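K.L.:
Got structure20.cif for you, mmCIF, C-alpha atoms:
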```cif
data_my_file
loop_
_atom_site.label_atom_id
_atom_site.label_comp_id
_atom_site.auth_asym_id
_atom_site.auth_seq_id
_atom_site.Cartn_x
_atom_site.Cartn_y
_atom_site.Cartn_z
CA MET V 1 0.00 0.00 0.00
CA GLU V 2 2.83 2.41 0.84
CA GLY V 3 4.49 1.67 -2.48
CA ARG V 4 1.26 2.53 -4.29
CA LYS V 5 1.05 5.82 -2.45
CA LEU V 6 4.63 6.68 -3.42
CA PHE V 7 3.96 5.77 -7.05
CA ALA V 8 0.77 7.86 -7.08
CA LEU V 9 2.67 10.81 -5.62
CA PHE V 10 5.38 10.45 -8.26
CA VAL V 11 2.83 10.29 -11.11
CA ALA V 12 1.02 13.34 -9.75
CA THR V 13 4.31 15.22 -9.61
CA VAL V 14 5.15 14.27 -13.20
CA VAL V 15 1.73 15.39 -14.46
CA ALA V 16 1.92 18.67 -12.55
CA VAL V 17 5.40 19.45 -13.85
CA ALA V 18 4.42 18.47 -17.39
CA PHE V 19 1.49 20.85 -17.54
CA SER V 20 3.36 23.61 -15.73
CA ALA V 21 5.91 23.44 -18.55
CA ASP V 22 3.30 25.24 -20.66
CA ALA V 23 2.44 27.81 -18.03
CA SER V 24 3.61 31.39 -18.13
CA ALA V 25 5.49 30.92 -14.87
CA GLN V 26 8.10 28.84 -16.64
CA PHE V 27 11.57 30.13 -17.42
CA LYS V 28 11.76 32.69 -20.21
CA GLU V 29 14.21 32.08 -22.98
CA GLN V 30 14.71 35.81 -23.39
CA ALA V 31 16.10 36.03 -19.86
CA PHE V 32 19.24 34.20 -20.96
CA SER V 33 19.46 35.39 -24.56
CA GLN V 34 21.48 38.32 -25.80
CA GLN V 35 19.35 38.62 -28.92
CA TYR V 36 15.83 39.99 -28.77
CA ASN V 37 13.30 39.72 -31.51
CA ASP V 38 9.78 41.08 -31.67
CA ASP V 39 8.82 38.48 -34.24
CA LYS V 40 6.26 36.20 -32.58
CA THR V 41 7.05 33.34 -34.93
CA ALA V 42 10.58 33.23 -33.55
CA ASP V 43 9.15 32.12 -30.21
CA LYS V 44 7.68 28.86 -31.48
CA ASP V 45 10.04 26.68 -29.51
CA SER V 46 9.36 28.37 -26.19
CA VAL V 47 7.34 26.70 -23.44
CA ASP V 48 5.82 29.88 -22.04
CA VAL V 49 2.39 29.68 -23.72
CA VAL V 50 -0.58 28.08 -22.00
CA PHE V 51 -1.89 24.88 -23.64
CA SER V 52 -4.35 25.62 -26.43
CA PHE V 53 -6.68 22.96 -27.87
CA LYS V 54 -7.13 25.00 -31.05
CA GLU V 55 -3.39 25.20 -31.59
CA TYR V 56 -2.94 21.55 -30.64
CA PHE V 57 -5.45 20.08 -33.07
CA GLY V 58 -4.41 22.53 -35.75
CA ALA V 59 -0.85 21.28 -35.37
CA LEU V 60 -2.01 17.65 -35.57
CA GLY V 61 -3.47 18.58 -38.93
CA HIS V 62 -0.10 20.17 -39.79
CA LYS V 63 -1.69 23.59 -40.24
CA ASN V 64 0.73 25.20 -37.83
CA GLU V 65 3.76 24.39 -35.74
CA MET V 66 3.46 22.99 -32.24
CA LYS V 67 5.64 23.69 -29.25
CA ILE V 68 7.15 20.65 -27.62
CA GLY V 69 5.45 21.50 -24.32
CA ASN V 70 2.01 21.43 -25.96
CA SER V 71 2.87 18.25 -27.81
CA PHE V 72 3.92 16.51 -24.60
CA ALA V 73 1.00 17.77 -22.50
CA GLY V 74 -1.54 16.81 -25.16
CA ALA V 75 -0.11 13.31 -25.47
CA PHE V 76 -1.03 12.62 -21.84
CA VAL V 77 -4.67 12.46 -22.98
CA PHE V 78 -4.50 12.04 -26.76
CA ILE V 79 -2.19 9.04 -26.97
CA GLY V 80 -0.27 8.97 -30.22
CA GLY V 81 -0.59 12.71 -30.82
CA GLN V 82 3.18 13.16 -30.82
CA GLN V 83 3.59 10.46 -33.46
CA ILE V 84 0.91 12.11 -35.62
CA TYR V 85 2.63 15.49 -35.37
CA ASN V 86 6.00 13.91 -36.18
CA LYS V 87 4.35 12.24 -39.24
CA GLN V 88 5.28 8.77 -38.00
CA TYR V 89 1.88 7.23 -38.64
CA TRP V 90 3.29 3.72 -38.90
CA LYS V 91 3.91 3.78 -35.15
CA LEU V 92 0.24 4.27 -34.27
CA PRO V 93 -0.82 0.61 -34.65
CA ILE V 94 2.11 -0.41 -32.46
CA VAL V 95 1.22 2.17 -29.82
CA TYR V 96 -2.48 1.37 -29.64
CA SER V 97 -2.13 -2.41 -29.88
CA THR V 98 0.58 -2.53 -27.20
CA ILE V 99 -1.16 -0.29 -24.68
CA GLY V 100 -4.67 -1.53 -25.45
CA GLY V 101 -3.64 -5.19 -25.51
CA ALA V 102 -1.84 -4.96 -22.17
CA LEU V 103 -4.78 -3.17 -20.55
CA GLY V 104 -7.29 -5.63 -21.98
CA ALA V 105 -5.27 -8.61 -20.78
CA GLY V 106 -4.91 -7.02 -17.36
CA PHE V 107 -8.66 -6.47 -16.94
CA ALA V 108 -9.42 -9.98 -18.20
CA LEU V 109 -6.95 -11.61 -15.82
CA ASN V 110 -8.15 -9.48 -12.93
CA ALA V 111 -11.74 -10.55 -13.61
CA LYS V 112 -10.63 -14.19 -13.41
CA GLY V 113 -8.97 -13.57 -10.06
CA ASN V 114 -5.38 -13.74 -11.31
CA THR V 115 -4.39 -10.42 -9.78
CA GLU V 116 -0.64 -11.10 -9.85
CA ALA V 117 -0.53 -11.59 -13.64
CA ALA V 118 -2.94 -8.67 -14.12
CA LYS V 119 -0.57 -6.44 -12.18
CA TYR V 120 2.27 -7.16 -14.59
CA CYS V 121 -0.01 -6.47 -17.56
CA PHE V 122 -0.91 -3.07 -16.12
CA ILE V 123 2.78 -2.34 -15.50
CA GLY V 124 3.50 -3.29 -19.11
CA ALA V 125 0.78 -0.93 -20.33
CA GLY V 126 2.27 1.85 -18.22
CA LEU V 127 5.76 1.24 -19.61
CA ALA V 128 4.40 1.24 -23.17
CA TYR V 129 2.61 4.52 -22.47
CA TRP V 130 5.80 6.00 -21.02
CA GLY V 131 7.78 4.77 -24.03
CA THR V 132 5.29 6.45 -26.36
CA LEU V 133 5.81 9.79 -24.62
CA LEU V 134 9.59 9.43 -24.69
CA ASP V 135 9.55 8.43 -28.36
CA GLY V 136 7.56 11.54 -29.23
CA VAL V 137 10.07 13.78 -27.47
CA ILE V 138 13.07 12.06 -29.08
CA CYS V 139 11.61 12.40 -32.58
CA TYR V 140 10.63 16.04 -32.11
CA LYS V 141 13.01 18.07 -34.29
CA PRO V 142 13.69 21.54 -32.90
CA SER V 143 15.56 24.16 -34.88
CA ASN V 144 18.22 24.74 -32.25
CA TYR V 145 20.38 22.81 -29.83
CA PRO V 146 20.14 22.52 -26.94
CA HIS V 147 16.39 22.96 -26.86
CA ALA V 148 15.15 23.94 -23.41
CA GLY V 149 11.76 22.28 -23.75
CA LYS V 150 13.30 19.03 -24.92
CA ALA V 151 15.84 19.00 -22.08
CA THR V 152 13.08 19.71 -19.54
CA ILE V 153 10.78 16.93 -20.74
CA TYR V 154 13.68 14.50 -20.94
CA SER V 155 14.28 15.11 -17.23
CA ILE V 156 10.58 14.74 -16.47
CA LEU V 157 10.40 11.34 -18.13
CA LEU V 158 13.78 10.01 -17.02
CA PRO V 159 15.84 11.75 -14.31
CA GLY V 160 19.30 12.60 -15.59
CA LEU V 161 18.39 12.37 -19.27
CA GLY V 162 18.16 16.15 -19.54
CA GLN V 163 21.72 16.46 -18.23
CA ILE V 164 22.88 13.88 -20.78
CA TYR V 165 21.13 15.87 -23.51
CA ASN V 166 22.90 19.03 -22.32
CA LYS V 167 26.19 17.05 -22.26
CA GLU V 168 26.68 17.76 -18.56
CA TYR V 169 27.52 14.20 -17.62
CA TRP V 170 29.31 15.13 -14.41
CA LYS V 171 25.96 16.03 -12.83
CA LEU V 172 24.55 12.51 -13.19
CA PRO V 173 26.19 11.07 -10.03
CA ILE V 174 24.87 14.04 -8.04
CA TYR V 175 21.21 13.75 -9.03
CA LEU V 176 20.98 9.99 -9.49
CA GLY V 177 22.96 9.43 -6.29
CA GLY V 178 20.68 11.80 -4.42
CA MET V 179 17.55 10.06 -5.67
CA ALA V 180 19.01 6.62 -4.93
CA ALA V 181 19.86 7.74 -1.38
CA ALA V 182 16.35 9.10 -0.89
CA VAL V 183 14.81 5.81 -2.09
CA HIS V 184 17.16 3.85 0.19
CA PHE V 185 16.26 5.87 3.27
CA TYR V 186 12.57 5.67 2.37
CA SER V 187 12.79 1.88 2.23
CA GLU V 188 14.69 1.65 5.53
CA ASN V 189 12.46 4.08 7.39
CA ASN V 190 9.28 2.54 6.03
CA MET V 191 10.44 -0.93 7.09
CA ASN V 192 11.11 0.29 10.63
CA PHE V 193 7.83 2.22 10.66
CA VAL V 194 5.87 -0.93 9.79
CA ARG V 195 7.85 -2.90 12.38
CA TYR V 196 7.09 -0.56 15.27
CA LYS V 197 3.54 -0.08 14.06
CA ASN V 198 2.98 -3.82 14.43
CA ILE V 199 4.73 -3.85 17.81
CA TYR V 200 2.50 -1.02 18.98
CA ALA V 201 -0.58 -2.96 17.87
CA GLU V 202 0.66 -6.04 19.76
CA ALA V 203 1.54 -3.99 22.83
CA SER V 204 -2.04 -2.77 22.97
CA LEU V 205 -3.23 -6.30 23.73
CA PRO V 206 -3.70 -7.22 27.41
CA ASP V 207 -1.50 -10.32 27.27
CA TYR V 208 1.51 -8.56 25.67
CA SER V 209 4.86 -9.31 27.31
CA GLY V 210 7.42 -8.07 24.77
CA PRO V 211 10.68 -6.23 25.53
CA ILE V 212 9.39 -2.92 24.10
CA SER V 213 6.67 -1.02 25.91
CA LYS V 214 3.66 0.47 24.20
CA GLU V 215 4.96 4.01 24.73
CA GLN V 216 8.37 3.17 23.24
CA ALA V 217 6.75 1.49 20.26
CA LYS V 218 4.58 4.55 19.67
CA TYR V 219 7.59 6.87 19.92
CA TYR V 220 9.68 4.93 17.38
CA ARG V 221 6.68 4.44 15.11
CA ASP V 222 6.14 8.20 14.90
CA ILE V 223 9.87 8.89 14.47
CA TYR V 224 10.29 6.50 11.55
CA ARG V 225 7.07 7.70 9.94
CA ARG V 226 8.42 11.25 10.04
CA TYR V 227 11.76 10.16 8.60
CA ARG V 228 9.96 8.21 5.87
CA ASP V 229 7.98 11.31 4.91
CA TYR V 230 11.18 13.36 4.85
CA SER V 231 12.66 10.80 2.45
CA ILE V 232 9.72 11.25 0.09
CA LEU V 233 10.15 15.03 0.21
CA ALA V 234 13.89 14.65 -0.47
CA LEU V 235 13.17 12.42 -3.46
CA ALA V 236 10.68 14.94 -4.87
CA ALA V 237 13.10 17.82 -4.24
CA VAL V 238 16.00 16.17 -6.09
CA TYR V 239 13.66 15.15 -8.92
CA LEU V 240 12.37 18.71 -9.36
CA LEU V 241 15.86 20.17 -9.00
CA GLN V 242 17.28 18.12 -11.87
CA ILE V 243 14.33 19.24 -14.06
CA ILE V 244 15.02 22.90 -13.25
CA ASP V 245 18.74 22.36 -13.82
CA ALA V 246 18.15 20.86 -17.27
CA ASN V 247 15.84 23.74 -18.19
CA VAL V 248 18.08 26.57 -16.97
CA PHE V 249 21.38 25.29 -18.31
CA SER V 250 19.92 24.50 -21.73
CA TYR V 251 18.85 28.15 -21.92
CA MET V 252 22.28 29.33 -20.76
CA HIS V 253 24.18 27.11 -23.19
CA ASP V 254 24.54 29.92 -25.75
CA PHE V 255 24.88 32.70 -23.20
CA GLU V 256 28.03 34.46 -24.37
CA VAL V 257 30.59 35.98 -22.04
CA ASP V 258 33.33 37.92 -23.82
CA ASP V 259 36.77 36.65 -22.82
CA ASP V 260 38.30 40.02 -23.67
CA LEU V 261 37.74 41.68 -20.31
CA SER V 262 39.39 45.00 -19.51
CA VAL V 263 40.09 46.70 -16.22
CA LYS V 264 40.18 50.47 -15.90
CA ILE V 265 41.67 51.95 -12.74
CA SER V 266 40.86 55.62 -12.16
CA PRO V 267 42.36 57.02 -8.96
CA THR V 268 40.88 60.28 -7.67
CA LEU V 269 42.40 62.60 -5.10
CA MET V 270 39.82 63.79 -2.58
CA LEU V 271 40.76 67.22 -1.22
CA PRO V 272 39.22 68.85 1.83
CA ASP V 273 37.39 71.38 -0.37
CA ASN V 274 35.46 68.54 -2.06
CA GLN V 275 34.17 67.11 1.21
CA ILE V 276 31.14 68.01 3.26
CA VAL V 277 31.70 67.97 6.98
CA MET V 278 28.62 66.44 8.63
CA ASN V 279 29.95 66.68 12.16
CA THR V 280 31.56 69.91 13.37
CA ASP V 281 33.82 67.92 15.70
CA GLN V 282 35.49 66.23 12.74
CA ARG V 283 38.05 67.82 10.40
CA PRO V 284 38.28 67.23 6.64
CA ALA V 285 40.97 64.79 5.56
CA VAL V 286 42.84 64.04 2.34
CA GLY V 287 41.87 60.66 0.85
CA LEU V 288 42.37 58.55 -2.24
CA ARG V 289 39.47 56.94 -4.11
CA MET V 290 40.03 54.21 -6.67
CA GLY V 291 37.40 52.72 -9.01
CA ILE V 292 37.74 49.56 -11.09
CA ASN V 293 35.50 49.27 -14.15
CA PHE V 294 35.06 46.06 -16.16
#
```
Translate the structure described by the file into structure tokens.

P.N.:
Amino acid sequence: MEGRKLFALFVATVVAVAFSADASAQFKEQAFSQQYNDDKTADKDSVDVVFSFKEYFGALGHKNEMKIGNSFAGAFVFIGGQQIYNKQYWKLPIVYSTIGGALGAGFALNAKGNTEAAKYCFIGAGLAYWGTLLDGVICYKPSNYPHAGKATIYSILLPGLGQIYNKEYWKLPIYLGGMAAAVHFYSENNMNFVRYKNIYAEASLPDYSGPISKEQAKYYRDIYRRYRDYSILALAAVYLLQIIDANVFSYMHDFEVDDDLSVKISPTLMLPDNQIVMNTDQRPAVGLRMGINF
């Protein structure tokens, strides 16, 4: 049951981040660009426009271009939309037959009481659905590299993939190690939480004679439950951080800093006549002011 709750929380996080990629609160490409253009068509690859059904279905009919954020968000509901936009129609039978077949088999097995086999069918359908989304992002052809929307969605679908796309491989041990540590501590804390929860239930019985008192069991149960919840928050924090990192550093990839820096030193002699005495008890003094301009 706890594993299902964690999975549901992860899916909810992915969906929220995916749709927020189209929201106006997302990072602006212009904030990291040294070139500004008033041409609205030049902003086609941005992810700062709210999802539009009119634009989405118009793009599926190839009447206009579609931003990768809209393509990804729409594919959550309209399965196969990315493949249609990418003009890879031959993939549609594979997508629908794989997902539909796995779901149908899962429901049929579940109706017969074979819940274990049905579970694996549902997992297979979920993996096929995830693969469809990832395939649509991979085959999306932006006009520039690195593409911020592509890097962001890569990280949403598979943590660390956005860093690989940005060719920042050295960050992988940081994020993947952080997520692995969070999962490890979640597992350990949840195991201890369940252990002391059961001990507490046993200690509530009148004939209990165990080495741990009811009060101690309750104390450790609450402690490990809190640590388990912290582990979930840490996992979500690292997951979101690597998404933000992929987004920001893909924008900053072409941010130019001129290597030809110059330093200008301009010393100025401050004479008593140039000073204002604020306190009558103090006398003007001769000073030297130096400014450094880059």

K.L.:
Considering all atoms listed in the file, can you say which of V:Ile94, V:Asn166, V:Lys218, V:Ile243 comes closest to Ala203 (chain V)?

P.N.:
V:Lys218

K.L.:
Fewer than 5 positions away in the same chain doesn't count, so skip those; otherwise give me all residues within 12 Å of Gly210 (chain V), counting all atoms listed in the file, as a count of residues only.

P.N.:
9

K.L.:
Give as a ChimeraX atom specification the set of residues within 12 Å of the point (18.0, 18.0, -26.1), where distances use the file's coordinates and all atoms listed in the file.

P.N.:
/V:68,137-155,160-168,246-247,249-251,253

K.L.:
Can you measure CA of Lys197 (chain V) to CA of Tyr220 (chain V) for me? One decimal in Å is fine.

P.N.:
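Taking CA of Lys197 (chain V) as the start and CA of Tyr220 (chain V) as the end point, the length is 8.6 Å.
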
K.L.:
Mind giving me the straight-line distance from CA of Arg221 (chain V) to CA of Pro206 (chain V) in Å, one decimal?

P.N.:
19.9 Å

K.L.:
Mind telling me what the PyMOL selection byres ((chain V and resi 224) around 10) catches here, as a PyMOL selection string?

P.N.:
chain V and resi 186+188-197+219-223+225-230

K.L.:
Please dump the current selection as a CSV table (one decimal), in the coordinates of the input; keep C-alpha atoms.

P.N.:
```
chain,number,residue,atom,x,y,z
V,186,TYR,CA,12.6,5.7,2.4
V,188,GLU,CA,14.7,1.6,5.5
V,189,ASN,CA,12.5,4.1,7.4
V,190,ASN,CA,9.3,2.5,6.0
V,191,MET,CA,10.4,-0.9,7.1
V,192,ASN,CA,11.1,0.3,10.6
V,193,PHE,CA,7.8,2.2,10.7
V,194,VAL,CA,5.9,-0.9,9.8
V,195,ARG,CA,7.8,-2.9,12.4
V,196,TYR,CA,7.1,-0.6,15.3
V,197,LYS,CA,3.5,-0.1,14.1
V,219,TYR,CA,7.6,6.9,19.9
V,220,TYR,CA,9.7,4.9,17.4
V,221,ARG,CA,6.7,4.4,15.1
V,222,ASP,CA,6.1,8.2,14.9
V,223,ILE,CA,9.9,8.9,14.5
V,225,ARG,CA,7.1,7.7,9.9
V,226,ARG,CA,8.4,11.2,10.0
V,227,TYR,CA,11.8,10.2,8.6
V,228,ARG,CA,10.0,8.2,5.9
V,229,ASP,CA,8.0,11.3,4.9
V,230,TYR,CA,11.2,13.4,4.8
```

K.L.:
When you count all atoms listed in the file, which of these residues is closest to Ile232 (chain V): V:Gly106, V:Pro159, V:Gly178, V:Pro211?

P.N.:
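Selected residue with least distance to Ile232 (chain V): V:Gly178.
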
K.L.:
Can you list, as a list of chain:residue names, the residues that the PyMOL selection byres ((chain V and resi 130-133) around 8) selects here?

P.N.:
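Evaluating the PyMOL selection byres ((chain V and resi 130-133) around 8) on these coordinates yields V:Phe72, V:Ala75, V:Phe76, V:Ile79, V:Gly80, V:Gln82, V:Val95, V:Gly126, V:Leu127, V:Ala128, V:Tyr129, V:Leu134, V:Asp135, V:Gly136, V:Val137, V:Leu157.
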
K.L.:
Between CA of Leu235 (chain V) and CA of Ala118 (chain V), what is the distance in Å, rounded to a tenth?

P.N.:
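Calculated distance between CA of Leu235 (chain V) and CA of Ala118 (chain V) is 28.6 Å.
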
K.L.:
Tell me which residues the PyMOL selection byres ((chain V and resi 62) around 12) grabs here, as a ChimeraX atom specification.

P.N.:
/V:55-61,63-66,81-82,84-87

K.L.:
For C-alpha atoms, I'd like the residues from the last selection saved as a short mmCIF file (atom, residue, chain, number, x, y, z; two decimals), keeping the file's coordinate frame.

P.N.:
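Written file, again-v8.cif:
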```cif
data_model
loop_
_atom_site.label_atom_id
_atom_site.label_comp_id
_atom_site.auth_asym_id
_atom_site.auth_seq_id
_atom_site.Cartn_x
_atom_site.Cartn_y
_atom_site.Cartn_z
CA GLU V 55 -3.39 25.20 -31.59
CA TYR V 56 -2.94 21.55 -30.64
CA PHE V 57 -5.45 20.08 -33.07
CA GLY V 58 -4.41 22.53 -35.75
CA ALA V 59 -0.85 21.28 -35.37
CA LEU V 60 -2.01 17.65 -35.57
CA GLY V 61 -3.47 18.58 -38.93
CA LYS V 63 -1.69 23.59 -40.24
CA ASN V 64 0.73 25.20 -37.83
CA GLU V 65 3.76 24.39 -35.74
CA MET V 66 3.46 22.99 -32.24
CA GLY V 81 -0.59 12.71 -30.82
CA GLN V 82 3.18 13.16 -30.82
CA ILE V 84 0.91 12.11 -35.62
CA TYR V 85 2.63 15.49 -35.37
CA ASN V 86 6.00 13.91 -36.18
CA LYS V 87 4.35 12.24 -39.24
#
```

K.L.:
Rank V:Ala117, V:Met179, V:Tyr96, V:Phe78 by their smallest atom-to-atom distance to Leu241 (chain V), using all atoms listed in the file, and report the top residue only.

P.N.:
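Of V:Ala117, V:Met179, V:Tyr96, V:Phe78, the one nearest Leu241 (chain V) is V:Met179, counting all atoms listed in the file.
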
K.L.:
Given the block above, output region 52-112 of chain V with C-alpha atoms as a CSV table (one decimal), in the first residue's frame.

P.N.:
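To be explicit, this is the file written out as out.csv:
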```
chain,number,residue,atom,x,y,z
V,52,SER,CA,-4.4,25.6,-26.4
V,53,PHE,CA,-6.7,23.0,-27.9
V,54,LYS,CA,-7.1,25.0,-31.0
V,55,GLU,CA,-3.4,25.2,-31.6
V,56,TYR,CA,-2.9,21.6,-30.6
V,57,PHE,CA,-5.4,20.1,-33.1
V,58,GLY,CA,-4.4,22.5,-35.7
V,59,ALA,CA,-0.8,21.3,-35.4
V,60,LEU,CA,-2.0,17.7,-35.6
V,61,GLY,CA,-3.5,18.6,-38.9
V,62,HIS,CA,-0.1,20.2,-39.8
V,63,LYS,CA,-1.7,23.6,-40.2
V,64,ASN,CA,0.7,25.2,-37.8
V,65,GLU,CA,3.8,24.4,-35.7
V,66,MET,CA,3.5,23.0,-32.2
V,67,LYS,CA,5.6,23.7,-29.2
V,68,ILE,CA,7.2,20.7,-27.6
V,69,GLY,CA,5.5,21.5,-24.3
V,70,ASN,CA,2.0,21.4,-26.0
V,71,SER,CA,2.9,18.2,-27.8
V,72,PHE,CA,3.9,16.5,-24.6
V,73,ALA,CA,1.0,17.8,-22.5
V,74,GLY,CA,-1.5,16.8,-25.2
V,75,ALA,CA,-0.1,13.3,-25.5
V,76,PHE,CA,-1.0,12.6,-21.8
V,77,VAL,CA,-4.7,12.5,-23.0
V,78,PHE,CA,-4.5,12.0,-26.8
V,79,ILE,CA,-2.2,9.0,-27.0
V,80,GLY,CA,-0.3,9.0,-30.2
V,81,GLY,CA,-0.6,12.7,-30.8
V,82,GLN,CA,3.2,13.2,-30.8
V,83,GLN,CA,3.6,10.5,-33.5
V,84,ILE,CA,0.9,12.1,-35.6
V,85,TYR,CA,2.6,15.5,-35.4
V,86,ASN,CA,6.0,13.9,-36.2
V,87,LYS,CA,4.4,12.2,-39.2
V,88,GLN,CA,5.3,8.8,-38.0
V,89,TYR,CA,1.9,7.2,-38.6
V,90,TRP,CA,3.3,3.7,-38.9
V,91,LYS,CA,3.9,3.8,-35.2
V,92,LEU,CA,0.2,4.3,-34.3
V,93,PRO,CA,-0.8,0.6,-34.7
V,94,ILE,CA,2.1,-0.4,-32.5
V,95,VAL,CA,1.2,2.2,-29.8
V,96,TYR,CA,-2.5,1.4,-29.6
V,97,SER,CA,-2.1,-2.4,-29.9
V,98,THR,CA,0.6,-2.5,-27.2
V,99,ILE,CA,-1.2,-0.3,-24.7
V,100,GLY,CA,-4.7,-1.5,-25.5
V,101,GLY,CA,-3.6,-5.2,-25.5
V,102,ALA,CA,-1.8,-5.0,-22.2
V,103,LEU,CA,-4.8,-3.2,-20.6
V,104,GLY,CA,-7.3,-5.6,-22.0
V,105,ALA,CA,-5.3,-8.6,-20.8
V,106,GLY,CA,-4.9,-7.0,-17.4
V,107,PHE,CA,-8.7,-6.5,-16.9
V,108,ALA,CA,-9.4,-10.0,-18.2
V,109,LEU,CA,-6.9,-11.6,-15.8
V,110,ASN,CA,-8.1,-9.5,-12.9
V,111,ALA,CA,-11.7,-10.6,-13.6
V,112,LYS,CA,-10.6,-14.2,-13.4
```
